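Working notes for the structure below.
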Amino acid sequence: MNRQRLLNGIVGVFIALLIGAIIMVIQGYNPILTYQALFQYSLFGWYPFATTLKNAVPLVLTGLSAAMAFASGVVNLGQPGQLVMGALFATVGGLYLDLPPALMVLVLSVLAMLGGVLWAGVAAMLRRWFEMSEFIVTLMLNMIADFFTMWAITYPFKDATAYSPMTPQINSNGWLPVIGDFNSSIFFMIVAVAVMWFFFNRWKAGYEWRISGQNSLFARLGGCDIQKNFLGVMLLTGALAGLAGGLVVMAGPHRFIKGLGANYAWDGVMIAIVANNGLMATFLYGLFFSAIQTGALGMELITDVPSEIAQVLQAVLVLVIVASREYLNTTLEKAAARRQARMRQT
Amino acid sequence: MKALIGLINGMISGATPILLAALGGVFTYYAGVFNIAMEGMMLVGAFFAVLGSYFFGSWLWGVGLAILGSLALALIFILFAVVLKTDEFVTGIALNLFALGITTYLLRQIFKVKGVFSNPGIIPIPVIKIPLLANVPVLGEVISGQNLMVYVAIFITWLSYFLIFRTRFGLRLRAAGYNAARLDSSGVSSARMRVWSLLICGVFCGLAGAFLSLGYVNLFTENMSAGRGWISLAAIILVNGHPLGVALISLLFGFSDGLGLLLQGYQVPAQFTAMVPYLATLIALYFYAVRERKRKQIL
């Protein structure tokens with residue numbers, strides 16, 4: 001089963017890159033040179049690789065958030081909103097707090113998670129008290145969070161010296177240290193993936209969540225508290241998305257800039273879907289998507305291809321990988337059924 | 001009085017794109033397709049409307065290309081969800097992201113700009129003045145002088161109602177959603193009904209997109225559908241898909257849109273007034289949830 005997934009992933013990526021190449025040829029670009037430039041700027045060499053890893057942090061964390069929610073049967077599509085709220089909380093904390101470096105980073109991370117938890121909590125409470133479906137509620141909350149953070153960085157927390165909406169830089173004790181080429185936000189990502197994997201696959205609560213996702217009736221009859229589990233999933237996935245936002249602020253621009261969370265979180269949802277809600281697969285696809293995004297920026301420098309091609313490539317990747325997975329599954333099932341039928345005949 | 005007329009006109013133009021997209025979604029709702037790609041279809045429609053209008057110098061071309069672009073997205077949906085039987089939710093999400101990616105890419109590739117393309121060469125959809133009514137004081141300012149697409153939307157509301165509830169096609173469409181296996185066994189392919197519903201949805205969402213970029217405003221911005229596709233989905237769910245109910249709900253959302261514009265005149269920051277339609281959606285969902293709960297208690 002694992003080998004089949006790996007095979008499907010590789011085949012899907014290959015077909016998607018091929019379709020991307022066809023798109024480039026139609027537009028009159030050289031696909032081989034383009035791909036070469038793309039991966040040269042994202043994977044080959046320590047610095048490009050370190051940049052890819054750093055850019056993967058928000059993708060992987062929001063991807064984890066979406067994957068865990070979907071796998072538990074909770075349609076939390078609120079990652080974009082939870083991310084910007086987390087980023088805003090961390091930024092405001094970073095502006096007004098002054099603590100020793102290590103403590104500061106931890107406090108800001110907790111604040112970021114708190115921001116995500118609060119925003120996810122709104123959706124969770126609306127569902128719990130009024131039975132409002134979290135699907136559309138989280139989507140609407142995304143838009144509201146977007147406008148709210150935009151207001152916050154335009155009026156109360158605006159950097160008076162800046163021309164466009166942004167906050168001042170946060171206290172430098174809250175900046176994540178850079179070790180060699182590697183930003184330490186990568187460390188947070190790896191720890192988060194490891195802890196979440198352990199939690200989801202080895203702990204009782206994680207088991208209950210997964211079972212609720214697969215068959216909620218069975219889970220209820222087996223004695224799981226569905227309401228409590230729903231709340232837990234919502235809040236934890238909110239915390240993950242919020243942390244992603246906080247880390248973006250602490251690792252990168254050290255301030256909240258307009259359009260900060262533009263695409264990360266939706267890319268995270270996309271990655272979770274491609275990974276079929278597997279946590280390790282989410283991690284790997286997150287790295288791969290980050291490689292494409294990071295490489296595209298470099299590619300633009302030495303070829304004529306605009307970096308926006310990365311977005312097209314990603315969408316093609318999603319459609320092709322998902323479709324080929326379903327197609328492969330049905331073909332394999334058919335083959336297995338045929339084999340069984342033949343065995344019975346003889 | 002001026003403010004009131006402004007509010008009503010704001011309501012009408014705010015409601016039109018949501019109404020058109022929602023009517024498309026009504027067909028897929030009855031056919032039993034979980035279609036969340038309205039957002040993407042509308043966005044692609046808006047882009048191709050600007051493209052057609054700018055290059056061919058006619059809004060008619062714009063609307064035509066908008067429909068074709070949106071239909072192309074519907075065809076991809078059909079390929080994946082109906083033919084390859086990929087999960088509809090996953091297909092919808094991926095298509096919305098694809099729409100965002102491709103329009104951003106083409107905006108850069110064709111118009112050589114990032115973010116916004118606005119140009120006097122983009123010909124908007126004309127405003128229709130109804131000869132005699134235009135002179136009636138208040139009524140004339142509301143009923144006459146609206147964008148052509150507004151009248152089209154009103155016609156399509158009636159058309160949708162007629163098609164779904166008064167024709168054989170509509171009966172089969174509803175049967176496909178109600179019990180697909182029954183429909184198949186009676187000799188009508190339910191997959192074909194789903195395909196038809198998606199194609200119709202593509203056309204209507206194309207019109208919605210065209211109104212957005214050639215009527216509501218006269219330019220294209222990245223991600224300009226801005227959640228309207230999701231709001232239209234909410235509108236459908238709130239009234240269980242009835243076209244006339246959808247029209248009413250759309251007007252309600254349009255009203256909140258117009259209210260937002262009105263509040264901007266009273267020193268409320270633009271970011272808060274822009275939230276109003278999304279807050280209105282949440283409030284509407286609350287009333288829906290309360291009603292559903294009461295219904296369950298009675299049963």
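FYI, nothing fancy with the structure tokens labels: chains A, B, ... in order, residues from 1 per chain, ligands from 1 as they appear.
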_Test item, strand (DSSP E) assignment across range 133-225 of chain B, answer as a ChimeraX atom specification_ = /B:146-147,220-221
Counting only C-alpha atoms, which residues in chain B sit no more than 9 Å from chain A? For each one, give the nearest pair of atoms and the distance in Å, sorted by chain then residue number, as JSON lines.
{"residue": "B:Phe80", "atom": "CA", "partner": "A:Ala323", "partner_atom": "CA", "distance": 6.7}
{"residue": "B:Ala81", "atom": "CA", "partner": "A:Ala323", "partner_atom": "CA", "distance": 8.9}
{"residue": "B:Leu84", "atom": "CA", "partner": "A:Tyr327", "partner_atom": "CA", "distance": 6.6}
{"residue": "B:Lys85", "atom": "CA", "partner": "A:Glu326", "partner_atom": "CA", "distance": 7.5}
{"residue": "B:Thr86", "atom": "CA", "partner": "A:Ala323", "partner_atom": "CA", "distance": 5.9}
{"residue": "B:Asp87", "atom": "CA", "partner": "A:Glu326", "partner_atom": "CA", "distance": 8.6}
{"residue": "B:Val90", "atom": "CA", "partner": "A:Ile273", "partner_atom": "CA", "distance": 6.8}
{"residue": "B:Thr91", "atom": "CA", "partner": "A:Leu319", "partner_atom": "CA", "distance": 7.0}
{"residue": "B:Ile93", "atom": "CA", "partner": "A:Met270", "partner_atom": "CA", "distance": 7.6}
{"residue": "B:Ala94", "atom": "CA", "partner": "A:Ala315", "partner_atom": "CA", "distance": 6.2}
{"residue": "B:Leu95", "atom": "CA", "partner": "A:Ala315", "partner_atom": "CA", "distance": 7.4}
{"residue": "B:Asn96", "atom": "CA", "partner": "A:Ala315", "partner_atom": "CA", "distance": 8.9}
{"residue": "B:Leu97", "atom": "CA", "partner": "A:Ala315", "partner_atom": "CA", "distance": 6.2}
{"residue": "B:Phe98", "atom": "CA", "partner": "A:Ala315", "partner_atom": "CA", "distance": 4.7}
{"residue": "B:Ala99", "atom": "CA", "partner": "A:Ala315", "partner_atom": "CA", "distance": 8.5}
{"residue": "B:Leu100", "atom": "CA", "partner": "A:Gln311", "partner_atom": "CA", "distance": 8.1}
{"residue": "B:Gly101", "atom": "CA", "partner": "A:Gln311", "partner_atom": "CA", "distance": 4.7}
{"residue": "B:Ile102", "atom": "CA", "partner": "A:Val312", "partner_atom": "CA", "distance": 5.6}
{"residue": "B:Thr104", "atom": "CA", "partner": "A:Glu308", "partner_atom": "CA", "distance": 6.8}
{"residue": "B:Tyr105", "atom": "CA", "partner": "A:Glu308", "partner_atom": "CA", "distance": 5.0}
{"residue": "B:Leu106", "atom": "CA", "partner": "A:Glu308", "partner_atom": "CA", "distance": 8.6}
{"residue": "B:Arg108", "atom": "CA", "partner": "A:Pro306", "partner_atom": "CA", "distance": 7.4}
{"residue": "B:Gln109", "atom": "CA", "partner": "A:Pro306", "partner_atom": "CA", "distance": 7.4}
{"residue": "B:Ala226", "atom": "CA", "partner": "A:Met143", "partner_atom": "CA", "distance": 8.2}
{"residue": "B:Gly227", "atom": "CA", "partner": "A:Met143", "partner_atom": "CA", "distance": 7.6}
{"residue": "B:Trp230", "atom": "CA", "partner": "A:Ile136", "partner_atom": "CA", "distance": 7.3}
{"residue": "B:Ile231", "atom": "CA", "partner": "A:Met140", "partner_atom": "CA", "distance": 8.2}
{"residue": "B:Leu233", "atom": "CA", "partner": "A:Ile136", "partner_atom": "CA", "distance": 8.5}
{"residue": "B:Ala234", "atom": "CA", "partner": "A:Ile136", "partner_atom": "CA", "distance": 7.0}
{"residue": "B:Pro269", "atom": "CA", "partner": "A:Trp151", "partner_atom": "CA", "distance": 7.6}
{"residue": "B:Ala270", "atom": "CA", "partner": "A:Trp151", "partner_atom": "CA", "distance": 8.2}
{"residue": "B:Gln271", "atom": "CA", "partner": "A:Phe147", "partner_atom": "CA", "distance": 5.1}
{"residue": "B:Phe272", "atom": "CA", "partner": "A:Phe147", "partner_atom": "CA", "distance": 6.9}
{"residue": "B:Ala274", "atom": "CA", "partner": "A:Phe147", "partner_atom": "CA", "distance": 7.3}
{"residue": "B:Met275", "atom": "CA", "partner": "A:Ile144", "partner_atom": "CA", "distance": 5.6}
{"residue": "B:Val276", "atom": "CA", "partner": "A:Ile144", "partner_atom": "CA", "distance": 8.7}
{"residue": "B:Tyr278", "atom": "CA", "partner": "A:Met140", "partner_atom": "CA", "distance": 5.5}
{"residue": "B:Leu279", "atom": "CA", "partner": "A:Met140", "partner_atom": "CA", "distance": 7.5}
{"residue": "B:Thr281", "atom": "CA", "partner": "A:Met140", "partner_atom": "CA", "distance": 7.5}
{"residue": "B:Leu282", "atom": "CA", "partner": "A:Val137", "partner_atom": "CA", "distance": 6.5}
{"residue": "B:Leu285", "atom": "CA", "partner": "A:Met132", "partner_atom": "CA", "distance": 6.6}
{"residue": "B:Tyr286", "atom": "CA", "partner": "A:Met132", "partner_atom": "CA", "distance": 6.4}
{"residue": "B:Tyr288", "atom": "CA", "partner": "A:Met132", "partner_atom": "CA", "distance": 8.3}
{"residue": "B:Ala289", "atom": "CA", "partner": "A:Met132", "partner_atom": "CA", "distance": 5.7}
{"residue": "B:Val290", "atom": "CA", "partner": "A:Phe130", "partner_atom": "CA", "distance": 6.7}
{"residue": "B:Arg293", "atom": "CA", "partner": "A:Glu131", "partner_atom": "CA", "distance": 8.1}
*Tell me, in Å to one decimal, how far CA of Leu43 in chain B is from CA of Ser65 in chain A.*
26.8 Å
*asked:* List as a ChimeraX atom specification the protein and nucleic acid residues near Gly32 in chain B, meaning an atom at most 12 Å away when only C-alpha atoms are counted, but skip any in the same chain fewer than 5 places from it.
replied: /B:25-27,82,88,172-180,190-191,193-198,241
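Neighbouring residues of range 292-297 of chain A at 6 Å or closer, counting only C-alpha atoms and skipping chain neighbours under 6 positions away, are Leu38, Phe39, Tyr41, Ser42, Thr52, Ser307 and Ala310 of chain A.
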Only C-alpha atoms, please: the residues just picked out, written as a PDB file, in the first residue's frame.
ATOM      1  CA  LEU A  38      13.842  26.061 -11.149  1.00  0.00           C
ATOM      2  CA  PHE A  39      15.603  23.290  -9.265  1.00  0.00           C
ATOM      3  CA  TYR A  41      17.501  27.792  -7.272  1.00  0.00           C
ATOM      4  CA  SER A  42      15.629  25.549  -4.884  1.00  0.00           C
ATOM      5  CA  THR A  52      13.371  26.073   0.357  1.00  0.00           C
ATOM      6  CA  SER A 307       7.361  33.180 -11.613  1.00  0.00           C
ATOM      7  CA  ALA A 310       4.585  28.127 -10.132  1.00  0.00           C
TER       8      ALA A 310
END
*Can you list, as an NGL selection string, every protein, DNA or RNA residue that comes within 9 Å of Ser225 in chain B when you count only C-alpha atoms, leaving out same-chain residues fewer than 2 positions away?*
:B and (39-40 or 42-43 or 46 or 209 or 212 or 221-223 or 227-229)
*So, counting only C-alpha atoms, which residue among B:Ala72, B:Ala247, B:Val217, B:Ala22 is closest to Gly202 in chain B?*
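Closest to Gly202 in chain B of all the choices is B:Ala72.
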*range 111-173 of chain B: residues DSSP assigns to alpha helix (DSSP H), reported as a ChimeraX atom specification*: /B:111,137-143,148-166,168-173
*In Å to one decimal, how far is CA of Ile36 in chain B from CA of Arg166 in chain B?*
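So the answer is 26.2 Å.
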